[in-house]
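Here is the structure we will look at, set down as structure tokens.
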Amino acid sequence: MCTTQLANATMVSQSPCNDGKTSSTSQSVQDTSQTTQSPRRDPSNLQTVVSDGLPLIRENLAFKHLSNAAQNIIMASWRHSTTKQYRSYLLRWADFCQRENIQPYNPGITKAIEFLTELFNSGVGYSAINTARSALSTIILPIAGIPFGKDPLVCRFLKGVFELKPCLPKYSRIWDVNKVLSYLKQSGPVSAMTLKDLTIKLATLLCLLTGQRCQTFHNIDVNFIQFTDAECIKHL
């Protein structure tokens, strides 16, 4: 006969004794899940809290009981350009969580994929959605030890996005660099070239070898270049 005593029976629903193990196991799983979640916040106030998107990441780090100094170092791991990209999608994620009344740190795979689907339907391509996935991976808690970005269903979703909206090539047109090299080769010996032609040839070769922007070469100061018989070295 089941004679289990409860401290406050009115706060716990009664169940038959033969279901005790199942109920206890289910309650244990729920308790474990709750202890690993970040502090719950009212989704209606979420948009105010994440005015620039980054507090979502910092709050997630604070939940891990990291000091402010440690948080600052980790936050510095993302470059300014990456932070700017993440901010945009985290703001949209905050708005989505507010509308769906869900928690941003533990929304479930289904809701997170629905958010990515919403981005897809808005017209963005694979690269943008992949950036959004990376941004969400910084705040969504792992499920069964698997990070959000590496979840099999999320990876399959990204593959589908790539098939439907493949990445466009970075350059639509390219030109044959051999034509330029052949022209420079026919310019004659260096000793017979004017200073202007020699400067143009040097700048062209530097562009081909280093791939720097024009403004980089425009700001080169010869006072910071060391010349030797075999090479020239630019000092910063």
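Quick note on naming: the chains in the structure tokens go A, B, ... in the order shown, residues restart at 1 in each chain, and ligands are numbered from 1 in order of appearance.
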Could you pull the residues within 10 Å of region 66-83 of chain A, counting only C-alpha atoms, minus those fewer than 3 positions along the same chain, as an mmCIF file with C-alpha atoms, in the first residue's frame?
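In the end it all went to selection.cif:
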```cif
data_model
loop_
_atom_site.group_PDB
_atom_site.id
_atom_site.type_symbol
_atom_site.label_atom_id
_atom_site.label_comp_id
_atom_site.auth_asym_id
_atom_site.auth_seq_id
_atom_site.Cartn_x
_atom_site.Cartn_y
_atom_site.Cartn_z
ATOM 1 C CA GLY A 53 21.028 43.047 -28.989
ATOM 2 C CA LEU A 54 24.296 42.486 -27.152
ATOM 3 C CA ILE A 57 24.823 37.526 -24.967
ATOM 4 C CA ARG A 58 26.149 39.247 -21.847
ATOM 5 C CA GLU A 59 23.190 38.077 -19.772
ATOM 6 C CA ASN A 60 23.810 34.527 -20.950
ATOM 7 C CA LEU A 61 27.419 34.826 -19.784
ATOM 8 C CA ALA A 62 26.293 36.252 -16.454
ATOM 9 C CA PHE A 63 24.030 33.246 -15.972
ATOM 10 C CA TYR A 86 24.863 39.626 -34.675
ATOM 11 C CA ARG A 87 23.136 42.672 -33.198
ATOM 12 C CA SER A 88 20.747 42.886 -36.141
ATOM 13 C CA THR A 131 24.916 34.381 -39.693
ATOM 14 C CA ALA A 135 24.153 34.519 -33.501
#
```
Please indicate the distance in Å from CA of Cys97 (chain A) to CA of Ile140 (chain A), rounded to one decimal place.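 CA of Cys97 (chain A) sits 12.2 Å away from CA of Ile140 (chain A).
The interatomic distance for the pair CA of Glu118 (chain A) and CA of Ile146 (chain A) works out to 23.3 Å.
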Identify, on the basis of only C-alpha atoms, every residue whose closest approach to Pro142 (chain A) does not exceed 9 Å; exclude the query and any residue fewer than 6 positions from it along the same chain; express the result as a list in words.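 The residues that qualify are Asn106, Phe148 and Asp151 of chain A.
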Please return as an MDAnalysis selection string: the residues of region 17-221 of chain A that backbone DSSP assigns to alpha helix (DSSP H). chainID A and resid 20:36 46:49 54:63 68:75 80:100 109:121 126:137 152:164 177:185 195:210 214:218
Give me, please, the distance in Å between CA of Pro147 (chain A) and CA of Ser122 (chain A), quoted to one decimal.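 Answer for the CA of Pro147 (chain A) to CA of Ser122 (chain A) separation: 25.5 Å.
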